file input_32.tsv (TSV, C-alpha atoms)
chain	number	residue	atom	x	y	z
A	151	MET	CA	165.18	160.77	71.73
A	152	LEU	CA	161.47	161.09	71.17
A	153	LEU	CA	162.14	163.37	68.21
A	154	LEU	CA	164.34	160.76	66.61
A	155	LEU	CA	161.66	158.16	67.09
A	156	LEU	CA	159.03	160.42	65.58
A	157	GLY	CA	161.26	161.19	62.63
A	158	ILE	CA	161.86	157.52	61.91
A	159	VAL	CA	158.19	156.67	62.11
A	160	ILE	CA	157.29	159.54	59.79
A	161	LEU	CA	159.88	158.40	57.28
A	162	HIS	CA	158.49	154.89	57.34
A	163	ALA	CA	154.91	156.14	57.02
A	164	ALA	CA	155.90	158.38	54.11
A	165	ALA	CA	157.44	155.46	52.25
A	166	LEU	CA	154.30	153.40	52.92
A	167	VAL	CA	151.99	156.14	51.67
A	168	LEU	CA	154.05	156.56	48.52
A	169	LEU	CA	153.84	152.84	47.88
A	170	PHE	CA	150.07	152.89	48.31
A	171	VAL	CA	149.50	155.85	46.04
A	172	SER	CA	151.83	154.54	43.39
A	173	THR	CA	150.11	151.16	43.27
A	174	ILE	CA	146.55	152.43	43.18
A	175	VAL	CA	146.51	155.58	41.09
A	176	SER	CA	146.13	155.16	37.36
A	177	ALA	CA	149.04	157.26	36.17
A	178	TRP	CA	152.01	155.06	35.32
A	179	THR	CA	151.93	156.24	31.75
A	180	THR	CA	150.13	159.29	30.50
A	181	GLY	CA	149.47	160.50	27.04
A	182	SER	CA	147.42	163.26	25.58
A	183	THR	CA	144.27	161.15	25.45
A	184	SER	CA	144.95	158.11	27.58
A	185	SER	CA	146.51	156.99	30.79
A	186	SER	CA	147.29	153.54	32.00
A	187	ASP	CA	148.65	151.88	35.06
A	188	LEU	CA	149.07	148.41	36.48
A	189	TRP	CA	145.35	147.71	36.49
A	190	ASN	CA	143.57	149.60	33.73
A	191	ASN	CA	144.10	151.30	30.43
A	192	CYS	CA	141.83	154.32	30.34
A	193	SER	CA	141.37	156.53	27.34
A	194	THR	CA	139.11	159.37	26.35
A	195	ILE	CA	137.77	158.65	22.91
A	196	ASN	CA	135.18	160.91	21.36
A	197	GLY	CA	134.47	162.59	24.65
A	198	GLY	CA	133.76	159.39	26.56
A	199	TYR	CA	136.04	157.99	29.25
A	200	HIS	CA	136.60	154.32	28.58
A	201	CYS	CA	138.60	151.86	30.66
A	202	ASP	CA	139.80	148.38	29.78
A	203	PRO	CA	141.45	145.97	32.14
A	204	ALA	CA	145.20	145.86	31.62
A	205	TYR	CA	146.83	143.28	29.40
A	206	THR	CA	146.62	139.82	30.90
A	207	GLY	CA	150.30	139.28	30.34
A	208	GLU	CA	152.57	137.48	32.76
A	209	TRP	CA	154.90	140.43	33.38
A	210	ILE	CA	152.27	143.01	34.25
A	211	GLN	CA	150.84	140.56	36.75
A	212	ALA	CA	154.32	140.10	38.20
A	213	VAL	CA	154.61	143.87	38.62
A	214	GLN	CA	151.22	143.97	40.32
A	215	ALA	CA	152.24	141.19	42.69
A	216	LEU	CA	155.57	142.83	43.56
A	217	MET	CA	153.95	146.18	44.33
A	218	ILE	CA	151.33	144.57	46.54
A	219	LEU	CA	153.99	142.50	48.30
A	220	SER	CA	156.04	145.62	48.98
A	221	ILE	CA	153.03	147.27	50.61
A	222	ILE	CA	152.38	144.19	52.73
A	223	PHE	CA	156.00	143.94	53.87
A	224	SER	CA	156.16	147.63	54.70
A	225	PHE	CA	153.03	147.26	56.80
A	226	ILE	CA	154.44	144.25	58.60
A	227	SER	CA	157.65	146.17	59.19
A	228	LEU	CA	155.79	149.08	60.80
A	229	PHE	CA	153.87	146.68	63.00
A	230	LEU	CA	157.05	144.87	64.01
A	231	PHE	CA	158.72	148.19	64.80
A	232	PHE	CA	156.11	148.98	67.42
A	233	CYS	CA	156.29	145.43	68.74
A	234	GLN	CA	160.05	145.53	69.08
A	235	LEU	CA	159.95	149.01	70.60
A	236	PHE	CA	158.24	147.62	73.66
A	237	THR	CA	159.74	144.16	73.88
A	238	LEU	CA	163.35	144.53	72.80
A	239	GLN	CA	166.07	144.45	75.42
A	240	LYS	CA	168.19	147.51	76.08
A	241	GLY	CA	170.77	148.03	73.36
A	242	GLY	CA	169.07	145.65	70.99
A	243	ARG	CA	168.85	146.26	67.27
A	244	PHE	CA	165.63	146.51	65.29
A	245	PHE	CA	166.99	143.88	62.99
A	246	VAL	CA	163.76	142.17	61.93
A	247	THR	CA	162.02	145.49	61.26
A	248	GLY	CA	164.92	146.61	59.10
A	249	VAL	CA	164.98	143.34	57.17
A	250	PHE	CA	161.31	143.60	56.28
A	251	GLN	CA	161.61	147.21	55.21
A	252	ILE	CA	164.64	146.43	53.05
A	253	LEU	CA	162.74	143.54	51.46
A	254	ALA	CA	159.86	145.91	50.74
A	255	SER	CA	162.22	148.31	49.01
A	256	LEU	CA	163.70	145.48	46.97
A	257	PHE	CA	160.25	144.46	45.80
A	258	VAL	CA	159.44	147.99	44.71
A	259	MET	CA	162.71	148.16	42.85
A	260	SER	CA	162.07	144.87	41.08
A	261	GLY	CA	158.56	145.97	40.12
A	262	ALA	CA	159.72	149.30	38.74
A	263	VAL	CA	162.63	147.67	36.90
A	264	ILE	CA	160.36	145.08	35.26
A	265	TYR	CA	157.92	147.80	34.25
A	266	THR	CA	160.71	149.88	32.76
A	267	VAL	CA	162.18	146.97	30.84
A	268	MET	CA	158.83	145.83	29.45
A	269	SER	CA	157.60	149.34	28.71
A	270	PRO	CA	158.44	149.28	24.98
A	271	ASN	CA	155.81	146.56	24.70
A	272	TRP	CA	153.19	148.29	26.81
A	273	VAL	CA	153.69	151.99	26.41
A	274	PRO	CA	153.14	153.51	22.96
A	275	VAL	CA	156.03	155.75	21.92
A	276	SER	CA	153.85	158.86	22.05
A	277	GLU	CA	153.14	158.41	25.73
A	278	ALA	CA	155.36	159.33	28.62
A	279	PHE	CA	155.81	157.83	32.06
A	280	GLY	CA	153.36	159.22	34.58
A	281	TRP	CA	153.84	160.51	38.09
A	282	ALA	CA	152.75	157.33	39.84
A	283	TYR	CA	155.64	155.57	38.13
A	284	ILE	CA	158.01	158.23	39.44
A	285	LEU	CA	156.55	157.82	42.92
A	286	ALA	CA	157.41	154.15	42.79
A	287	TRP	CA	161.02	154.99	42.00
A	288	VAL	CA	161.10	157.57	44.83
A	289	ALA	CA	159.59	155.10	47.30
A	290	PHE	CA	162.45	152.67	46.67
A	291	PRO	CA	165.34	154.72	48.14
A	292	LEU	CA	163.09	156.03	50.93
A	293	ALA	CA	162.22	152.51	52.01
A	294	LEU	CA	165.83	151.39	51.65
A	295	ILE	CA	167.13	154.22	53.83
A	296	SER	CA	164.40	153.60	56.38
A	297	GLY	CA	165.32	149.93	56.53
A	298	LEU	CA	169.03	150.63	56.92
A	299	ILE	CA	168.29	153.06	59.75
A	300	TYR	CA	166.40	150.32	61.54
A	301	VAL	CA	169.25	147.90	61.16
A	302	ILE	CA	171.86	150.20	62.69
A	303	LEU	CA	169.55	151.70	65.33
A	304	ARG	CA	170.06	150.52	68.87
A	305	LYS	CA	167.45	150.64	71.58
A	306	ARG	CA	168.21	152.74	74.66
A	307	GLU	CA	166.23	152.58	77.95
B	281	MET	CA	73.92	115.94	37.31
B	282	CYS	CA	76.49	113.91	35.41
B	283	VAL	CA	76.51	116.40	32.56
B	284	TYR	CA	77.06	119.15	35.11
B	285	LEU	CA	80.03	117.24	36.58
B	286	SER	CA	81.58	116.68	33.18
B	287	HIS	CA	81.59	120.41	32.63
B	288	LEU	CA	83.45	120.79	35.93
B	289	THR	CA	86.20	118.23	35.30
B	290	PRO	CA	88.26	120.29	32.79
B	291	SER	CA	88.83	122.92	35.48
B	292	LEU	CA	90.10	120.22	37.86
B	293	THR	CA	93.17	119.40	35.71
B	294	PRO	CA	96.37	120.74	37.32
B	295	ILE	CA	96.48	124.49	37.04
B	296	VAL	CA	100.04	125.54	36.24
B	297	PRO	CA	100.65	129.29	36.56
B	298	GLN	CA	101.58	131.11	33.36
B	299	GLN	CA	105.19	132.02	34.36
B	300	SER	CA	106.35	128.46	34.93
B	301	GLU	CA	105.29	127.52	31.42
B	302	ALA	CA	108.32	129.36	30.05
B	303	ILE	CA	111.28	127.26	29.04
B	304	VAL	CA	114.73	128.34	30.30
B	305	ILE	CA	117.73	127.60	28.12
B	306	TYR	CA	121.29	127.34	29.44
B	307	THR	CA	124.47	127.67	27.48
B	308	GLY	CA	127.85	128.99	28.54
B	309	TRP	CA	128.63	132.71	28.40
B	310	GLU	CA	131.98	132.60	26.63
B	311	ARG	CA	134.23	129.82	25.42
B	312	HIS	CA	137.94	130.04	24.70
B	313	ALA	CA	139.68	127.59	22.40
B	314	LEU	CA	142.92	127.13	20.56
B	315	VAL	CA	143.22	127.15	16.79
B	316	GLY	CA	142.90	123.66	15.39
B	317	SER	CA	141.28	122.20	18.48
B	318	ASP	CA	137.74	120.91	19.01
B	319	ILE	CA	135.18	122.46	21.26
B	320	ARG	CA	131.90	121.26	22.66
B	321	LEU	CA	129.17	123.87	22.94
B	322	SER	CA	126.66	122.77	25.51
B	323	CYS	CA	122.99	123.63	25.56
B	324	SER	CA	120.39	122.39	27.97
B	325	PHE	CA	117.05	123.61	29.16
B	326	PHE	CA	114.73	123.62	32.13
B	327	SER	CA	111.03	123.01	31.66
B	328	TRP	CA	108.19	122.13	33.99
B	329	ARG	CA	106.82	119.66	31.50
B	330	TRP	CA	108.13	116.21	30.87
B	331	THR	CA	110.53	115.99	27.94
B	332	SER	CA	108.26	115.44	24.99
B	333	ASP	CA	109.00	113.35	21.92
B	334	ASP	CA	108.70	116.47	19.76
B	335	VAL	CA	111.51	118.30	21.54
B	336	THR	CA	113.58	120.44	19.15
B	337	PHE	CA	117.03	122.01	19.39
B	338	SER	CA	118.32	124.55	16.99
B	339	TRP	CA	121.73	126.27	16.81
B	340	SER	CA	122.47	129.37	14.78
B	341	TYR	CA	125.72	131.22	14.22
B	342	ARG	CA	126.52	134.88	13.76
B	343	ALA	CA	130.11	135.71	12.87
B	344	ASP	CA	131.90	138.60	14.58
B	345	GLY	CA	131.06	141.68	12.60
B	346	ALA	CA	128.26	140.10	10.60
B	347	ARG	CA	124.71	141.35	10.91
B	348	ASP	CA	122.76	138.19	10.19
B	349	SER	CA	122.85	134.78	11.71
B	350	ILE	CA	122.61	131.52	9.85
B	351	SER	CA	121.19	128.28	11.09
B	352	VAL	CA	123.77	125.52	11.46
B	353	PHE	CA	122.02	122.72	13.33
B	354	HIS	CA	118.50	121.50	13.90
B	355	TYR	CA	117.18	118.52	15.81
B	356	THR	CA	113.58	117.56	15.29
B	357	GLY	CA	111.39	114.50	15.10
B	358	GLY	CA	114.10	112.43	16.75
B	359	SER	CA	116.83	113.15	14.15
B	360	PRO	CA	119.64	115.67	14.04
B	361	TYR	CA	120.33	117.71	10.90
B	362	VAL	CA	123.81	119.23	10.68
B	363	ASP	CA	125.15	121.94	8.46
B	364	ASN	CA	126.11	120.57	5.04
B	365	LYS	CA	126.44	123.77	3.04
B	366	GLY	CA	127.54	126.54	5.37
B	367	PRO	CA	130.83	127.41	7.11
B	368	PHE	CA	130.72	124.34	9.34
B	369	ARG	CA	130.08	121.59	6.81
B	370	ASP	CA	131.81	118.37	7.81
B	371	ARG	CA	132.97	120.02	11.02
B	372	LEU	CA	129.83	119.86	13.11
B	373	GLU	CA	128.65	116.87	15.05
B	374	PHE	CA	125.74	116.31	17.37
B	375	VAL	CA	126.88	114.95	20.73
B	376	GLY	CA	123.83	115.70	22.80
B	377	ASN	CA	121.15	113.54	24.35
B	378	PRO	CA	117.69	115.02	23.74
B	379	GLY	CA	116.09	112.55	26.11
B	380	ARG	CA	118.18	114.12	28.87
B	381	ARG	CA	117.55	117.64	27.63
B	382	ASP	CA	121.08	118.00	26.27
B	383	GLY	CA	121.49	119.57	22.87
B	384	SER	CA	125.26	119.99	22.70
B	385	ILE	CA	127.22	120.16	19.49
B	386	LEU	CA	130.88	119.51	18.77
B	387	LEU	CA	132.87	121.81	16.50
B	388	LYS	CA	136.05	120.36	15.07
B	389	ASN	CA	139.26	121.93	13.77
B	390	LEU	CA	138.57	125.51	14.76
B	391	ASP	CA	139.87	128.46	12.81
B	392	TYR	CA	140.03	132.22	13.41
B	393	GLY	CA	137.01	132.66	11.14
B	394	ASP	CA	134.87	130.77	13.65
B	395	ASN	CA	134.95	133.65	16.11
B	396	GLY	CA	131.38	134.63	16.76
B	397	THR	CA	128.19	134.07	18.69
B	398	PHE	CA	126.33	130.76	18.75
B	399	THR	CA	122.69	130.81	19.79
B	400	CYS	CA	120.80	127.77	21.02
B	401	ASP	CA	117.03	127.64	20.95
B	402	ALA	CA	115.15	124.68	22.40
B	403	LYS	CA	111.48	123.91	22.40
B	404	ASN	CA	109.65	121.35	24.47
B	405	PRO	CA	106.05	121.24	23.20
B	406	PRO	CA	103.72	122.45	24.61
B	407	ASP	CA	106.32	124.50	26.47
B	408	ILE	CA	107.52	126.74	23.69
B	409	VAL	CA	107.72	130.21	25.18
B	410	GLY	CA	111.29	131.04	26.10
B	411	ARG	CA	114.35	133.10	25.28
B	412	ALA	CA	117.23	131.70	23.27
B	413	SER	CA	120.64	131.71	24.92
B	414	SER	CA	123.93	132.68	23.31
B	415	VAL	CA	127.52	131.64	23.84
B	416	ARG	CA	130.46	133.57	22.46
B	417	LEU	CA	133.34	131.64	20.92
B	418	LEU	CA	136.85	133.10	21.01
B	419	VAL	CA	139.61	131.35	19.12
B	420	PHE	CA	143.17	132.04	20.25
B	421	GLU	CA	146.57	131.12	19.02
B	422	LYS	CA	147.59	130.73	22.65
B	423	VAL	CA	145.16	130.62	25.55
B	424	PRO	CA	145.84	133.70	27.69
B	425	ILE	CA	146.35	133.36	31.40
B	426	GLN	CA	143.48	134.85	33.33
B	427	ALA	CA	144.07	138.15	34.98
B	428	GLY	CA	145.26	137.84	38.52
B	429	VAL	CA	146.37	134.20	38.49
B	430	ILE	CA	150.08	134.93	38.41
B	431	THR	CA	149.67	137.88	40.77
B	432	GLY	CA	147.97	135.71	43.35
B	433	ALA	CA	150.48	132.93	42.86
B	434	ILE	CA	153.48	135.18	43.45
B	435	ILE	CA	151.96	136.84	46.50
B	436	GLY	CA	150.90	133.50	47.95
B	437	ALA	CA	154.30	131.93	47.37
B	438	VAL	CA	156.24	134.75	49.02
B	439	LEU	CA	153.93	134.96	52.03
B	440	GLY	CA	153.98	131.19	52.37
B	441	LEU	CA	157.78	131.24	52.33
B	442	LEU	CA	157.74	133.92	55.02
B	443	VAL	CA	155.46	131.86	57.25
B	444	LEU	CA	157.66	128.82	56.68
B	445	VAL	CA	160.81	130.71	57.68
B	446	VAL	CA	159.15	132.03	60.84
B	447	VAL	CA	157.90	128.58	61.80
B	448	ILE	CA	161.31	126.98	61.23
B	449	TYR	CA	163.00	129.70	63.27
B	450	TYR	CA	160.72	129.20	66.25
B	451	LEU	CA	161.02	125.43	65.94
B	452	MET	CA	164.83	125.62	66.04
B	453	ARG	CA	164.66	127.92	69.07
B	454	PHE	CA	162.30	125.55	70.82
B	455	LEU	CA	164.51	122.53	70.11
B	456	VAL	CA	167.68	124.27	71.25
B	457	ALA	CA	165.98	125.49	74.43
B	458	ARG	CA	164.70	122.01	75.20
B	459	ARG	CA	168.15	120.53	74.73
B	460	VAL	CA	169.69	123.13	77.03
B	461	PHE	CA	166.96	122.47	79.58
B	462	ASN	CA	167.56	118.73	79.52
B	463	LEU	CA	171.31	119.26	79.95
B	464	SER	CA	170.84	121.62	82.91
B	465	VAL	CA	168.32	119.27	84.56
B	466	SER	CA	170.76	116.35	84.41
B	467	LYS	CA	173.51	118.53	85.94
B	468	HIS	CA	171.18	119.76	88.71
B	469	GLY	CA	170.33	116.20	89.58
B	470	LYS	CA	174.02	115.34	90.33
B	471	LYS	CA	174.48	118.27	92.80
B	472	GLY	CA	171.76	118.92	95.32
B	473	LYS	CA	173.78	121.61	97.28
B	474	GLY	CA	172.21	125.08	97.67
B	475	LYS	CA	175.32	127.27	97.13
B	476	GLU	CA	176.28	125.92	93.73
B	477	GLY	CA	172.64	125.92	92.70
B	478	SER	CA	172.27	129.65	93.32
B	479	GLN	CA	175.53	130.37	91.55
B	480	GLN	CA	174.41	128.42	88.52
B	481	ARG	CA	171.18	130.37	88.30
B	482	GLN	CA	172.98	133.65	87.72
B	483	VAL	CA	172.78	134.51	84.02
B	484	PRO	CA	174.70	137.59	82.82
B	485	VAL	CA	172.61	140.21	80.95
B	486	LEU	CA	174.35	140.82	77.67
B	487	SER	CA	174.02	143.95	75.61
B	488	ILE	CA	173.22	141.95	72.52
B	489	GLY	CA	169.55	141.08	72.54
B	490	ASP	CA	169.94	137.76	70.78
B	491	PRO	CA	168.13	134.99	72.66
B	492	SER	CA	169.99	132.06	71.14
B	493	LYS	CA	173.37	133.56	72.03
B	494	LEU	CA	172.03	134.21	75.51
B	495	LYS	CA	171.07	130.60	75.99
B	496	ALA	CA	174.38	129.38	74.56
B	497	ALA	CA	176.27	131.65	76.99
B	498	ALA	CA	174.15	130.42	79.88
B	499	SER	CA	174.81	126.79	79.08
B	500	GLU	CA	178.54	127.55	78.70
B	501	LYS	CA	178.64	129.19	82.11
B	502	LYS	CA	176.89	126.20	83.65
B	503	LYS	CA	179.35	123.83	82.01
B	504	GLN	CA	182.31	125.87	83.30
B	505	GLU	CA	180.93	125.89	86.83
B	506	SER	CA	180.24	122.19	86.81
B	507	ARG	CA	183.82	121.57	85.64
B	508	LYS	CA	185.12	123.76	88.51
B	509	ASP	CA	182.97	121.88	91.01
B	510	LYS	CA	184.19	118.52	89.78
B	511	LYS	CA	187.78	119.61	90.35

call {"tool": "encode", "arguments": {"input": "input_32.tsv", "output": "structure tokens"}}
result
Amino acid sequence: MLLLLLGIVILHAAALVLLFVSTIVSAWTTGSTSSSDLWNNCSTINGGYHCDPAYTGEWIQAVQALMILSIIFSFISLFLFFCQLFTLQKGGRFFVTGVFQILASLFVMSGAVIYTVMSPNWVPVSEAFGWAYILAWVAFPLALISGLIYVILRKRE
Amino acid sequence: MCVYLSHLTPSLTPIVPQQSEAIVIYTGWERHALVGSDIRLSCSFFSWRWTSDDVTFSWSYRADGARDSISVFHYTGGSPYVDNKGPFRDRLEFVGNPGRRDGSILLKNLDYGDNGTFTCDAKNPPDIVGRASSVRLLVFEKVPIQAGVITGAIIGAVLGLLVLVVVIYYLMRFLVARRVFNLSVSKHGKKGKGKEGSQQRQVPVLSIGDPSKLKAAASEKKKQESRKDKK
């Protein structure tokens, strides 16, 4: 029983960590001389490392907002899980926790989808998607599975 | 004695320390404008002296990429002199008030070629030591949204919606609970016998941890028992 609990919490924490790393690290697209992410475009020109703030477009800001919202909702979900663990009646479902985690996964998915769709405008053809972008896509199914587990889980003793 | 005193009097005039004699000029840092619109470039100064009648304002312009700057406006001796030969002829207008230390100019019908740095220099004799201040003009086809505005708006809207949903949920629960309480109180008032009272207080513990269903079931049970008692 305790093992199951531990496993679920670790899954949730893993999804949260992936979300964090994906949002913060500057590696959504990488090229031979430059890398860019949601916040900065950094490039090494003539030996110097030079960063510009990302395009002030509407869509990149929407992606930023969605990623941040997914982190917030995942945090709230973790907090609610511990709350419900101690206050829920026997046999009750962790419904609210699951809902928040599923919402977090939906936000990550929307953010990654928008980034993918708008990437012809932002990413030069010579550059490829970076590992932080892949982490975002991995975090989506992890968070979704975690949320679904919460919804079908029932509390015992 | 009097001669001695007259030599003393010059030193009795107010001694102003050297730093405060400098004039400080204020303009904006950067200005954004749309093509074809007008823009007002403001320039004002701070000086410890009263505004003199010989106050002068002077604006110069250096285009993006150019090395030299040209003078486009000068105010002196109470009259403004605007550019009548350079890039801003017929497009520059003086809208300032020198008496109130305002040396602003108005540029009309902007074009992409007006991108550049405008420098304002003001002098308030005898306060003439100071550094000129520059404002950068950026002309856009469409004014870009500042970074972070949409991000903040989306985050704020979603969190606000969340708070609203939570508040409405708790409000509904509170209202339903109050209604159930009022109903049970009115039923209690008609009885007054101990046995039925204790029976009514028994609430079955359901396996579904849903409080609203719980309360609905409790009120149902009370209604059933009151119907039985009436028979």

call {"tool": "residues_near_point", "arguments": {"input": "input_32.tsv", "point": "(128.0, 119.5, 10.3)", "cutoff": "12 Å", "atoms": "only C-alpha atoms", "output": "PDB file with C-alpha atoms, keeping the file's coordinate frame"}}
result
ATOM      1  CA  TRP B 339     121.730 126.270  16.810  1.00  0.00           C
ATOM      2  CA  SER B 351     121.190 128.280  11.090  1.00  0.00           C
ATOM      3  CA  VAL B 352     123.770 125.520  11.460  1.00  0.00           C
ATOM      4  CA  PHE B 353     122.020 122.720  13.330  1.00  0.00           C
ATOM      5  CA  HIS B 354     118.500 121.500  13.900  1.00  0.00           C
ATOM      6  CA  PRO B 360     119.640 115.670  14.040  1.00  0.00           C
ATOM      7  CA  TYR B 361     120.330 117.710  10.900  1.00  0.00           C
ATOM      8  CA  VAL B 362     123.810 119.230  10.680  1.00  0.00           C
ATOM      9  CA  ASP B 363     125.150 121.940   8.460  1.00  0.00           C
ATOM     10  CA  ASN B 364     126.110 120.570   5.040  1.00  0.00           C
ATOM     11  CA  LYS B 365     126.440 123.770   3.040  1.00  0.00           C
ATOM     12  CA  GLY B 366     127.540 126.540   5.370  1.00  0.00           C
ATOM     13  CA  PRO B 367     130.830 127.410   7.110  1.00  0.00           C
ATOM     14  CA  PHE B 368     130.720 124.340   9.340  1.00  0.00           C
ATOM     15  CA  ARG B 369     130.080 121.590   6.810  1.00  0.00           C
ATOM     16  CA  ASP B 370     131.810 118.370   7.810  1.00  0.00           C
ATOM     17  CA  ARG B 371     132.970 120.020  11.020  1.00  0.00           C
ATOM     18  CA  LEU B 372     129.830 119.860  13.110  1.00  0.00           C
ATOM     19  CA  GLU B 373     128.650 116.870  15.050  1.00  0.00           C
ATOM     20  CA  PHE B 374     125.740 116.310  17.370  1.00  0.00           C
ATOM     21  CA  VAL B 375     126.880 114.950  20.730  1.00  0.00           C
ATOM     22  CA  ILE B 385     127.220 120.160  19.490  1.00  0.00           C
ATOM     23  CA  LEU B 386     130.880 119.510  18.770  1.00  0.00           C
ATOM     24  CA  LEU B 387     132.870 121.810  16.500  1.00  0.00           C
ATOM     25  CA  LYS B 388     136.050 120.360  15.070  1.00  0.00           C
TER      26      LYS B 388
END

call {"tool": "interface_residues", "arguments": {"input": "input_32.tsv", "of": "chain A", "to": "chain B", "cutoff": "12 Å", "atoms": "all atoms listed in the file", "output": "PyMOL selection string"}}
result
chain A and resi 188-190+203-223+226+234+237-246+250+253-254+257+304-307

call {"tool": "atom_distance", "arguments": {"input": "input_32.tsv", "atom1": "atom CA of Ala412 of chain B", "atom2": "atom CA of Cys323 of chain B"}}
result
10.2 Å

call {"tool": "atom_distance", "arguments": {"input": "input_32.tsv", "atom1": "atom CA of Ala313 of chain B", "atom2": "atom CA of Phe326 of chain B"}}
result
27.1 Å

call {"tool": "closest_residue", "arguments": {"input": "input_32.tsv", "among": "A:Tyr283, A:Glu277, A:His162, A:Val267", "to": "Val175 of chain A", "atoms": "all atoms listed in the file"}}
result
A:Tyr283

call {"tool": "atom_distance", "arguments": {"input": "input_32.tsv", "atom1": "atom CA of Leu156 of chain A", "atom2": "atom CA of Trp281 of chain A"}}
result
28.0 Å

call {"tool": "residues_around", "arguments": {"input": "input_32.tsv", "residues": "Gly358 of chain B", "least_positions_apart": "2", "cutoff": "9 Å", "atoms": "all atoms listed in the file", "output": "ChimeraX atom specification"}}
result
/B:333-336,355-356,360,378

call {"tool": "residues_around", "arguments": {"input": "input_32.tsv", "residues": "Leu298 of chain A", "least_positions_apart": "2", "cutoff": "9 Å", "atoms": "only C-alpha atoms", "output": "count of residues only"}}
result
12

call {"tool": "closest_residue", "arguments": {"input": "input_32.tsv", "among": "A:Leu168, A:Cys233, A:Val275, A:Leu228", "to": "Val258 of chain A", "atoms": "all atoms listed in the file"}}
result
A:Leu168
